[in-house]
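The structure appears below as structure tokens.
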Amino acid sequence: TENSLPYLENSKVSAEGVSKETAAKETIQRMWIYSHHIYRQELRKKIFECAKKLNLTGFRLTGKPGVICVEGIRENCEEFWRVIRYPNWKHISCKHVETVEAEGSSDHLRLFRAFEDLQFQAHGDYGLRNDYHMDLGQFLEFLKQHQSGHIFQILFGVEGKLADK
């Protein structure tokens with residue numbers, strides 16, 4: 001595919017020199033990042049632009065708590081984590097990393113097609129206060145639709161329970 005060409009060319013110029021065997025494999029990494037909250041407009045913009053620039057898919061859950069998932073080539077995920085973790089963001093941690101190796105192009109291993117901004121109906125009516133808690137039931141549903149239900153417990157320390165339909 002056209003996506004793997006630049007990747008292979010970049011590999012050749014790296015200082016270590018890459019054997020043909022490793023160039024044919026791509027490692028997809030998925031990072032699950034938890035923050036106490038994500039509200040600030042410039043931060044939301046920075047997350048979105050950085051993910052786009054690094055060709056990462058996933059999502060950003062805005063509000064309280066804030067959750068970011070990025071997936072893509074490992075180096076790009078690590079670069080994303082370096083960029084967004086600027087020194088004064090204290091309440092953020094990478095809770096979990098998943099790594100999958102593919103022969104050739106790894107795009108089919110992605111669980112997300114794009115990088116999206118998730119916003120679920122918040123609980124309570126807080127008027128203009130900037131303190132809204134996300135509906136975690138809806139978030140769990142979203143994770144399950146993307147084969148990631150197991151992540152809920154890793155992020156929140158509790159098992160996700162869906163109301164019986």
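Chain labels run A, B, ... following the order of the structure tokens; each chain numbers its residues from 1, and ligands are numbered from 1 in the order shown.
By chain and then residue number, the residues within 8 Å of segment 38-48 of chain A are Ser35, Ala51, Lys52, Arg60, Leu61, Thr62, Gly63, Lys64, Pro65, Gly66, Val67, Ile84, Phe115 and Asn130 of chain A, counting only C-alpha atoms and disregarding those fewer than 3 positions away in sequence.
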Could the residues in this selection be written to a file with C-alpha atoms, as a PDB file, in the first residue's frame?
```
ATOM      1  CA  SER A  35      -6.568  12.318  32.951  1.00  0.00           C
ATOM      2  CA  ALA A  51      -2.892  12.841  16.698  1.00  0.00           C
ATOM      3  CA  LYS A  52      -3.687  13.932  13.139  1.00  0.00           C
ATOM      4  CA  ARG A  60     -10.451  11.914  23.107  1.00  0.00           C
ATOM      5  CA  LEU A  61     -13.146  11.822  25.786  1.00  0.00           C
ATOM      6  CA  THR A  62     -13.586  15.389  26.971  1.00  0.00           C
ATOM      7  CA  GLY A  63     -14.812  16.258  30.455  1.00  0.00           C
ATOM      8  CA  LYS A  64     -14.209  14.583  33.787  1.00  0.00           C
ATOM      9  CA  PRO A  65     -12.634  12.116  33.709  1.00  0.00           C
ATOM     10  CA  GLY A  66     -10.723  12.613  30.476  1.00  0.00           C
ATOM     11  CA  VAL A  67      -9.558   9.643  28.446  1.00  0.00           C
ATOM     12  CA  ILE A  84       1.023  16.101  25.199  1.00  0.00           C
ATOM     13  CA  PHE A 115      -9.396  10.246  15.644  1.00  0.00           C
ATOM     14  CA  ASN A 130     -17.303  23.701  33.785  1.00  0.00           C
TER      15      ASN A 130
END
```
Test item, strand (DSSP E) assignment across segment 27-154 of chain A, answer as a PyMOL selection string: chain A and resi 27-35+57-61+66-73+92-103+115-118+122-123+133-134
Could those residues be written to a file, using N, CA and C atoms, as a compact mmCIF listing (two decimals), in the first residue's frame?
```txt
# COMPACT_ATOMS: atom_id res chain seq x y z
N THR A 27 4.71 -2.45 13.81
CA THR A 27 4.14 -2.63 15.13
C THR A 27 3.12 -1.54 15.39
N ILE A 28 1.90 -1.98 15.63
CA ILE A 28 0.84 -1.03 16.00
C ILE A 28 0.80 -0.98 17.52
N GLN A 29 0.76 0.22 18.04
CA GLN A 29 0.66 0.37 19.48
C GLN A 29 -0.63 1.11 19.79
N ARG A 30 -1.24 0.75 20.90
CA ARG A 30 -2.45 1.44 21.35
C ARG A 30 -2.19 1.90 22.78
N MET A 31 -2.28 3.21 23.00
CA MET A 31 -2.04 3.77 24.33
C MET A 31 -3.34 4.26 24.92
N TRP A 32 -3.57 3.90 26.17
CA TRP A 32 -4.77 4.33 26.90
C TRP A 32 -4.32 5.30 27.98
N ILE A 33 -4.71 6.55 27.82
CA ILE A 33 -4.23 7.63 28.68
C ILE A 33 -5.40 8.18 29.49
N TYR A 34 -5.17 8.33 30.78
CA TYR A 34 -6.22 8.78 31.69
C TYR A 34 -5.84 10.12 32.27
N SER A 35 -6.81 11.03 32.32
CA SER A 35 -6.57 12.32 32.95
C SER A 35 -7.72 12.63 33.89
N THR A 57 -5.05 7.07 15.10
CA THR A 57 -6.49 6.98 15.24
C THR A 57 -6.81 6.75 16.71
N GLY A 58 -8.08 6.89 17.06
CA GLY A 58 -8.48 6.72 18.46
C GLY A 58 -9.52 7.76 18.81
N PHE A 59 -9.45 8.26 20.05
CA PHE A 59 -10.45 9.23 20.48
C PHE A 59 -9.96 10.03 21.67
N ARG A 60 -10.67 11.11 21.91
CA ARG A 60 -10.45 11.91 23.11
C ARG A 60 -11.82 12.07 23.77
N LEU A 61 -11.91 11.65 25.02
CA LEU A 61 -13.15 11.82 25.79
C LEU A 61 -12.97 13.07 26.64
N GLY A 66 -11.11 12.52 31.88
CA GLY A 66 -10.72 12.61 30.48
C GLY A 66 -9.97 11.36 30.09
N VAL A 67 -10.26 10.84 28.92
CA VAL A 67 -9.56 9.64 28.45
C VAL A 67 -9.11 9.89 27.01
N ILE A 68 -7.89 9.48 26.71
CA ILE A 68 -7.39 9.56 25.35
C ILE A 68 -6.92 8.17 24.95
N CYS A 69 -7.29 7.76 23.76
CA CYS A 69 -6.72 6.53 23.20
C CYS A 69 -6.10 6.91 21.87
N VAL A 70 -4.84 6.53 21.68
CA VAL A 70 -4.22 6.71 20.37
C VAL A 70 -3.66 5.38 19.92
N GLU A 71 -3.78 5.12 18.62
CA GLU A 71 -3.19 3.90 18.06
C GLU A 71 -2.55 4.25 16.74
N GLY A 72 -1.46 3.54 16.47
CA GLY A 72 -0.72 3.78 15.25
C GLY A 72 0.66 3.17 15.40
N ILE A 73 1.57 3.56 14.52
CA ILE A 73 2.93 3.04 14.59
C ILE A 73 3.55 3.45 15.92
N ILE A 92 -2.18 13.24 34.68
CA ILE A 92 -2.31 12.43 33.48
C ILE A 92 -1.40 11.22 33.60
N SER A 93 -1.88 10.07 33.17
CA SER A 93 -1.01 8.90 33.19
C SER A 93 -1.39 7.96 32.06
N CYS A 94 -0.38 7.28 31.56
CA CYS A 94 -0.63 6.26 30.55
C CYS A 94 -0.93 4.98 31.32
N LYS A 95 -2.17 4.53 31.28
CA LYS A 95 -2.62 3.41 32.11
C LYS A 95 -2.30 2.06 31.50
N HIS A 96 -2.23 2.00 30.18
CA HIS A 96 -2.12 0.69 29.54
C HIS A 96 -1.61 0.87 28.12
N VAL A 97 -0.77 -0.05 27.68
CA VAL A 97 -0.27 -0.02 26.31
C VAL A 97 -0.47 -1.41 25.71
N GLU A 98 -1.05 -1.45 24.53
CA GLU A 98 -1.20 -2.71 23.81
C GLU A 98 -0.33 -2.64 22.56
N THR A 99 0.33 -3.74 22.24
CA THR A 99 1.20 -3.76 21.07
C THR A 99 0.85 -4.97 20.21
N VAL A 100 0.67 -4.74 18.93
CA VAL A 100 0.38 -5.83 18.01
C VAL A 100 1.32 -5.71 16.83
N GLU A 101 1.94 -6.83 16.45
CA GLU A 101 2.85 -6.79 15.32
C GLU A 101 2.17 -7.36 14.10
N ALA A 102 2.40 -6.72 12.96
CA ALA A 102 1.77 -7.18 11.72
C ALA A 102 2.82 -7.44 10.67
N GLU A 103 2.54 -8.39 9.81
CA GLU A 103 3.36 -8.56 8.61
C GLU A 103 2.90 -7.48 7.64
N PHE A 115 -9.57 9.73 14.29
CA PHE A 115 -9.40 10.25 15.64
C PHE A 115 -10.59 11.12 15.93
N GLU A 116 -11.40 10.72 16.91
CA GLU A 116 -12.64 11.46 17.13
C GLU A 116 -12.74 12.05 18.53
N ASP A 117 -13.60 13.04 18.61
CA ASP A 117 -13.87 13.70 19.87
C ASP A 117 -15.15 13.10 20.43
N LEU A 118 -15.04 12.40 21.55
CA LEU A 118 -16.21 11.77 22.15
C LEU A 118 -16.81 12.69 23.19
N ALA A 122 -23.66 14.36 29.77
CA ALA A 122 -23.10 14.46 31.12
C ALA A 122 -24.20 14.27 32.16
N HIS A 123 -23.79 13.80 33.33
CA HIS A 123 -24.72 13.66 34.45
C HIS A 123 -24.99 14.99 35.11
N HIS A 133 -19.49 15.50 34.68
CA HIS A 133 -19.01 14.13 34.73
C HIS A 133 -19.62 13.35 33.57
N MET A 134 -18.79 12.61 32.88
CA MET A 134 -19.27 11.89 31.71
C MET A 134 -20.08 10.67 32.12
```
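Nearest to Arg82 of chain A of all the residues A:Val158, A:Cys50, A:Gln153, A:Glu141 is A:Cys50, based on only C-alpha atoms.
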For atom CA of Gly157 of chain A and atom CA of Ala114 of chain A, quote the distance in Å rounded to one decimal. 27.1 Å
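Going from atom CA of His146 of chain A over to atom CA of Cys77 of chain A, you cover 18.8 Å.
Separating atom CA of Arg113 of chain A from atom CA of Gln138 of chain A is a distance of 19.3 Å.
Of all the residues in segment 22-94 of chain A, the ones DSSP labels as helix (DSSP H, G or I) from the backbone are Thr22, Ala23, Gln41, Glu42, Leu43, Arg44, Lys45, Lys46, Ile47, Phe48, Glu49, Cys50, Ala51, Lys52, Lys53, Arg74, Glu75, Asn76, Cys77, Glu78, Glu79, Phe80, Trp81, Arg82, Val83 and Ile84 of chain A.
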